[in-house]
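**Q** Here you go, this is work_37.txt (compact mmCIF, C-alpha atoms).
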```txt
# COMPACT_ATOMS: atom_id res chain seq x y z
CA MET A 1 1.73 -6.06 -9.16
CA ALA A 2 3.78 -7.96 -11.69
CA VAL A 3 6.51 -10.57 -11.71
CA ILE A 4 9.40 -8.90 -13.53
CA PRO A 5 11.70 -11.28 -15.42
CA TRP A 6 15.44 -11.22 -14.91
CA THR A 7 17.90 -10.84 -17.75
CA THR A 8 21.48 -12.01 -17.98
CA ILE A 9 24.18 -9.42 -18.62
CA GLN A 10 27.05 -10.80 -20.67
CA THR A 11 30.51 -10.01 -19.31
CA PRO A 12 34.02 -11.07 -20.33
CA LEU A 13 34.22 -13.09 -17.10
CA ASP A 14 31.07 -15.21 -17.59
CA GLY A 15 31.33 -18.88 -16.80
CA ARG A 16 30.66 -21.42 -14.09
CA ASN A 17 32.18 -19.12 -11.48
CA LEU A 18 30.51 -15.80 -12.32
CA LYS A 19 27.08 -14.61 -13.40
CA LEU A 20 25.54 -11.12 -13.54
CA ILE A 21 21.80 -10.65 -13.83
CA ARG A 22 19.36 -7.76 -13.39
CA TRP A 23 15.71 -6.94 -12.97
CA VAL A 24 14.73 -3.67 -14.69
CA ALA A 25 11.69 -1.37 -14.53
CA LEU A 26 10.60 -2.57 -11.10
CA ASN A 27 7.64 -0.59 -9.78
CA ALA A 28 5.46 -0.51 -6.67
CA ASN A 29 4.31 -3.96 -5.53
CA ASP A 30 6.33 -5.81 -8.20
CA THR A 31 8.46 -8.82 -7.39
CA GLY A 32 11.37 -10.05 -9.42
CA GLN A 33 11.24 -13.46 -11.04
CA PRO A 34 13.14 -15.74 -8.65
CA PHE A 35 16.68 -16.64 -9.66
CA VAL A 36 18.42 -19.85 -8.56
CA VAL A 37 21.51 -18.84 -6.58
CA GLY A 38 22.20 -22.07 -4.67
CA GLY A 39 25.32 -22.93 -6.70
CA PHE A 40 27.07 -19.66 -5.84
CA SER A 41 28.76 -18.92 -2.53
CA ASP A 42 28.98 -15.15 -3.03
CA LYS A 43 25.94 -12.98 -3.74
CA THR A 44 26.04 -9.19 -4.08
CA ILE A 45 23.13 -6.93 -4.97
CA GLN A 46 23.08 -3.37 -6.24
CA ILE A 47 19.92 -1.27 -6.13
CA ASP A 48 19.53 1.69 -8.47
CA GLY A 49 16.55 3.96 -8.93
CA ALA A 50 15.57 7.57 -8.72
CA THR A 51 12.39 6.83 -6.76
CA LEU A 52 12.64 3.99 -4.26
CA GLY A 53 9.52 4.99 -2.28
CA SER A 54 8.95 2.75 0.73
CA GLY A 55 11.84 0.58 -0.39
CA ILE A 56 12.94 -2.69 -1.90
CA THR A 57 13.36 -5.85 0.13
CA ILE A 58 15.66 -8.68 -0.94
CA GLN A 59 14.05 -12.05 -0.23
CA GLY A 60 15.32 -15.59 -0.30
CA SER A 61 13.95 -19.10 -0.03
CA ILE A 62 15.41 -22.59 0.27
CA ASP A 63 12.13 -24.13 -0.92
CA PRO A 64 12.45 -25.15 -4.60
CA SER A 65 8.65 -25.28 -4.93
CA GLU A 66 8.71 -21.46 -4.87
CA LEU A 67 10.06 -21.67 -8.42
CA THR A 68 7.23 -23.33 -10.31
CA SER A 69 7.63 -22.29 -13.95
CA PRO A 70 10.10 -20.63 -16.30
CA ASP A 71 7.93 -17.49 -16.44
CA GLY A 72 8.42 -16.87 -12.72
CA GLY A 73 5.11 -18.06 -11.33
CA VAL A 74 5.47 -18.69 -7.62
CA VAL A 75 3.35 -20.40 -5.01
CA GLY A 76 3.19 -20.28 -1.26
CA ALA A 77 4.61 -17.75 1.12
CA GLY A 78 8.06 -19.25 1.72
CA TRP A 79 9.97 -16.02 1.19
CA ASP A 80 12.01 -14.40 3.96
CA THR A 81 14.12 -11.25 4.09
CA VAL A 82 17.85 -11.91 3.79
CA ASN A 83 20.60 -10.05 5.67
CA ASP A 84 23.95 -8.42 5.02
CA PRO A 85 27.08 -9.83 6.73
CA GLN A 86 26.56 -7.52 9.73
CA GLY A 87 23.12 -9.05 10.32
CA ASN A 88 21.15 -6.07 9.00
CA ALA A 89 17.99 -7.02 7.15
CA LEU A 90 17.99 -6.10 3.46
CA ALA A 91 14.48 -4.72 3.87
CA GLY A 92 12.91 -1.39 2.96
CA ILE A 93 16.02 -0.19 1.14
CA THR A 94 15.30 3.40 0.11
CA THR A 95 18.74 4.50 -1.10
CA GLU A 96 20.92 3.30 -3.93
CA LYS A 97 23.46 0.87 -2.53
CA VAL A 98 25.56 -2.25 -2.95
CA GLU A 99 25.22 -5.03 -0.36
CA THR A 100 26.48 -8.58 0.10
CA VAL A 101 23.93 -11.27 0.97
CA LEU A 102 24.88 -13.31 4.05
CA GLU A 103 22.66 -16.38 3.77
CA HIS A 104 23.29 -19.38 1.54
CA ILE A 105 19.87 -19.77 -0.08
CA TYR A 106 18.43 -21.51 -3.13
CA LEU A 107 16.30 -18.68 -4.61
CA LEU A 108 16.59 -14.90 -4.48
CA ARG A 109 14.31 -12.08 -5.63
CA PRO A 110 13.61 -8.38 -5.06
CA ASN A 111 10.23 -7.33 -3.70
CA CYS A 112 9.12 -3.70 -4.12
CA ALA A 113 6.96 -1.70 -1.73
CA ALA A 114 4.70 1.27 -2.48
CA GLY A 115 6.21 4.24 -4.26
CA VAL A 116 9.00 2.39 -6.11
CA THR A 117 9.30 3.58 -9.72
CA SER A 118 11.56 2.24 -12.47
CA ALA A 119 14.11 0.65 -10.15
CA THR A 120 16.84 -1.73 -11.26
CA VAL A 121 18.33 -4.48 -9.11
CA PHE A 122 21.58 -6.15 -10.15
CA LEU A 123 22.73 -9.49 -8.75
CA LEU A 124 26.35 -10.58 -9.04
CA LEU A 125 27.02 -14.23 -8.27
CA GLY A 126 30.46 -15.70 -7.73
CA SER A 127 31.93 -18.99 -6.66
CA VAL A 128 35.36 -20.53 -6.37
CA ARG A 129 35.39 -24.05 -7.80
```
What is this structure when it is put down as structure tokens?

**A**
Amino acid sequence: MAVIPWTTIQTPLDGRNLKLIRWVALNANDTGQPFVVGGFSDKTIQIDGATLGSGITIQGSIDPSELTSPDGGVVGAGWDTVNDPQGNALAGITTEKVETVLEHIYLLRPNCAAGVTSATVFLLLGSVR
């Protein structure tokens, strides 16, 4: 069980209105280092991985205390599963897919269940300002 850091992917469209990040090599019982998404109105995730086991859940929080240090240390249990625009929980995802996140939250992270091996989660953030 590790906290996997996110990395920024540079794109020609980077700026205040667009950011692309990813968590790589996610395995069973890992969580992704939380990423602050509160300044972006649009959030889309893509899950890739040959073995997704019992699935990956996308979690969010509006509690800034869940982000306690730059290395991703988190406290408390203030994480809840987020939903797609149709109201379906982004929980236990066992197939590769792209989904939009419905809720406007402050922090977002992936959380892996048993059997996940070498998964990658991308997060595309956009905003019109």

**Q** Just to confirm, what's the straight-line distance from atom CA of A:Thr44 to atom CA of A:Leu125 in Å (one decimal)?

**A** 6.6 Å

**Q** Pick the closest to A:Thr8 from A:Leu90, A:Phe35, A:Leu107, A:Asp30: which is it, counting only C-alpha atoms?

**A**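 Closest to A:Thr8 of all the choices is A:Phe35.
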
**Q** For A:Gly60, which of A:Asp42, A:Asp48, A:Asp80, A:Glu96 is the closest residue, counting only C-alpha atoms?

**A** A:Asp80

**Q** Report the distance between atom CA of A:Ser41 and atom CA of A:Ser127 in Å, rounded to one decimal place.

**A**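 Distance reported for this atom pair: 5.2 Å.
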
**Q** Taking (23.1, -5.3, -5.7) as a centre in this file's frame and 8 Å as the limit, can you find every polymer residue with an atom that close, using all atoms listed in the file, and give them as number ranges by chain?

**A** A: 44-47, 97-100, 121-124

**Q** Looking at only C-alpha atoms, which of A:Ala114, A:Ile4, A:Leu13, A:Ile105 is the one that sits closest to A:Val36?

**A**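 Once distances to A:Val36 are computed over only C-alpha atoms, the minimum belongs to A:Ile105.
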
**Q** Grab the atom CA of A:Ala50 to atom CA of A:Pro34 distance for me, in Å with one decimal place.

**A**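 Pair atom CA of A:Ala50 / atom CA of A:Pro34 returns 23.4 Å.
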
**Q** Compare A:Arg22, A:Ala28, A:Arg109, A:Asn17 by their minimum atom-to-atom distance to A:Ser61, counting all atoms listed in the file, and give me the closest one.

**A**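 Comparing A:Arg22, A:Ala28, A:Arg109, A:Asn17 against A:Ser61, the winner is A:Arg109.
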
**Q** Which of these residues is nearest to A:Ala91, using all atoms listed in the file: A:Pro64, A:Gly55, A:Gly115, A:His104?

**A**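 Closest to A:Ala91 of all the choices is A:Gly55.
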
**Q** Considering only C-alpha atoms, can you say which of A:Ala2, A:Val82, A:Val128, A:Leu67 comes closest to A:Ala25?

**A**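 Nearest to A:Ala25: A:Ala2.
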
**Q** Show which residues sit within 6 Å of A:Asn111, as a PyMOL selection string. Count all atoms listed in the file, and ignore same-chain residues fewer than 2 positions away.

**A** chain A and resi 31+56-57

**Q** Let's have the selection written as a PDB file, in the frame of the given file, with C-alpha atoms.

**A**
```
ATOM      1  CA  THR A  31       8.460  -8.820  -7.390  1.00  0.00           C
ATOM      2  CA  ILE A  56      12.940  -2.690  -1.900  1.00  0.00           C
ATOM      3  CA  THR A  57      13.360  -5.850   0.130  1.00  0.00           C
TER       4      THR A  57
END
```

**Q** Rebuild stretch 38-55 of chain A so that it carries N, CA, C and O atoms, then output the result as a PDB file, in the coordinates of the input.

**A**
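Listed below is the output, out13.pdb:
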```
ATOM      1  N   GLY A  38      21.652 -21.056  -5.561  1.00  0.00           N
ATOM      2  CA  GLY A  38      22.200 -22.070  -4.670  1.00  0.00           C
ATOM      3  C   GLY A  38      23.592 -22.552  -5.028  1.00  0.00           C
ATOM      4  O   GLY A  38      24.325 -23.022  -4.162  1.00  0.00           O
ATOM      5  N   GLY A  39      24.003 -22.458  -6.285  1.00  0.00           N
ATOM      6  CA  GLY A  39      25.320 -22.930  -6.700  1.00  0.00           C
ATOM      7  C   GLY A  39      26.420 -21.894  -6.547  1.00  0.00           C
ATOM      8  O   GLY A  39      27.557 -22.143  -6.938  1.00  0.00           O
ATOM      9  N   PHE A  40      26.094 -20.744  -5.978  1.00  0.00           N
ATOM     10  CA  PHE A  40      27.070 -19.660  -5.840  1.00  0.00           C
ATOM     11  C   PHE A  40      27.254 -19.299  -4.375  1.00  0.00           C
ATOM     12  O   PHE A  40      26.279 -19.047  -3.670  1.00  0.00           O
ATOM     13  N   SER A  41      28.502 -19.239  -3.934  1.00  0.00           N
ATOM     14  CA  SER A  41      28.760 -18.920  -2.530  1.00  0.00           C
ATOM     15  C   SER A  41      28.680 -17.425  -2.240  1.00  0.00           C
ATOM     16  O   SER A  41      28.345 -17.037  -1.126  1.00  0.00           O
ATOM     17  N   ASP A  42      28.979 -16.599  -3.233  1.00  0.00           N
ATOM     18  CA  ASP A  42      28.980 -15.150  -3.030  1.00  0.00           C
ATOM     19  C   ASP A  42      27.843 -14.511  -3.818  1.00  0.00           C
ATOM     20  O   ASP A  42      27.686 -14.767  -5.013  1.00  0.00           O
ATOM     21  N   LYS A  43      27.077 -13.660  -3.129  1.00  0.00           N
ATOM     22  CA  LYS A  43      25.940 -12.980  -3.740  1.00  0.00           C
ATOM     23  C   LYS A  43      25.978 -11.510  -3.340  1.00  0.00           C
ATOM     24  O   LYS A  43      25.966 -11.202  -2.152  1.00  0.00           O
ATOM     25  N   THR A  44      26.027 -10.629  -4.340  1.00  0.00           N
ATOM     26  CA  THR A  44      26.040  -9.190  -4.080  1.00  0.00           C
ATOM     27  C   THR A  44      24.939  -8.543  -4.895  1.00  0.00           C
ATOM     28  O   THR A  44      24.747  -8.871  -6.069  1.00  0.00           O
ATOM     29  N   ILE A  45      24.196  -7.642  -4.277  1.00  0.00           N
ATOM     30  CA  ILE A  45      23.130  -6.930  -4.970  1.00  0.00           C
ATOM     31  C   ILE A  45      23.475  -5.451  -5.048  1.00  0.00           C
ATOM     32  O   ILE A  45      24.184  -4.922  -4.194  1.00  0.00           O
ATOM     33  N   GLN A  46      22.989  -4.826  -6.110  1.00  0.00           N
ATOM     34  CA  GLN A  46      23.080  -3.370  -6.240  1.00  0.00           C
ATOM     35  C   GLN A  46      21.702  -2.863  -6.609  1.00  0.00           C
ATOM     36  O   GLN A  46      21.073  -3.384  -7.536  1.00  0.00           O
ATOM     37  N   ILE A  47      21.237  -1.857  -5.890  1.00  0.00           N
ATOM     38  CA  ILE A  47      19.920  -1.270  -6.130  1.00  0.00           C
ATOM     39  C   ILE A  47      20.107   0.127  -6.681  1.00  0.00           C
ATOM     40  O   ILE A  47      20.820   0.944  -6.094  1.00  0.00           O
ATOM     41  N   ASP A  48      19.495   0.386  -7.831  1.00  0.00           N
ATOM     42  CA  ASP A  48      19.530   1.690  -8.470  1.00  0.00           C
ATOM     43  C   ASP A  48      18.103   2.141  -8.756  1.00  0.00           C
ATOM     44  O   ASP A  48      17.265   1.326  -9.133  1.00  0.00           O
ATOM     45  N   GLY A  49      17.853   3.424  -8.603  1.00  0.00           N
ATOM     46  CA  GLY A  49      16.550   3.960  -8.930  1.00  0.00           C
ATOM     47  C   GLY A  49      16.369   5.354  -8.375  1.00  0.00           C
ATOM     48  O   GLY A  49      16.785   5.625  -7.253  1.00  0.00           O
ATOM     49  N   ALA A  50      15.779   6.200  -9.157  1.00  0.00           N
ATOM     50  CA  ALA A  50      15.570   7.570  -8.720  1.00  0.00           C
ATOM     51  C   ALA A  50      14.507   7.663  -7.638  1.00  0.00           C
ATOM     52  O   ALA A  50      14.586   8.485  -6.742  1.00  0.00           O
ATOM     53  N   THR A  51      13.483   6.802  -7.733  1.00  0.00           N
ATOM     54  CA  THR A  51      12.390   6.830  -6.760  1.00  0.00           C
ATOM     55  C   THR A  51      12.245   5.438  -6.155  1.00  0.00           C
ATOM     56  O   THR A  51      11.734   4.522  -6.795  1.00  0.00           O
ATOM     57  N   LEU A  52      12.716   5.290  -4.918  1.00  0.00           N
ATOM     58  CA  LEU A  52      12.640   3.990  -4.260  1.00  0.00           C
ATOM     59  C   LEU A  52      11.523   3.935  -3.217  1.00  0.00           C
ATOM     60  O   LEU A  52      11.378   2.931  -2.530  1.00  0.00           O
ATOM     61  N   GLY A  53      10.724   4.984  -3.115  1.00  0.00           N
ATOM     62  CA  GLY A  53       9.520   4.990  -2.280  1.00  0.00           C
ATOM     63  C   GLY A  53       9.723   4.380  -0.909  1.00  0.00           C
ATOM     64  O   GLY A  53      10.635   4.745  -0.178  1.00  0.00           O
ATOM     65  N   SER A  54       8.868   3.420  -0.572  1.00  0.00           N
ATOM     66  CA  SER A  54       8.950   2.750   0.730  1.00  0.00           C
ATOM     67  C   SER A  54      10.011   1.663   0.748  1.00  0.00           C
ATOM     68  O   SER A  54      10.200   1.002   1.761  1.00  0.00           O
ATOM     69  N   GLY A  55      10.678   1.452  -0.381  1.00  0.00           N
ATOM     70  CA  GLY A  55      11.840   0.580  -0.390  1.00  0.00           C
ATOM     71  C   GLY A  55      11.685  -0.734  -1.126  1.00  0.00           C
ATOM     72  O   GLY A  55      10.601  -1.148  -1.526  1.00  0.00           O
TER      73      GLY A  55
END
```
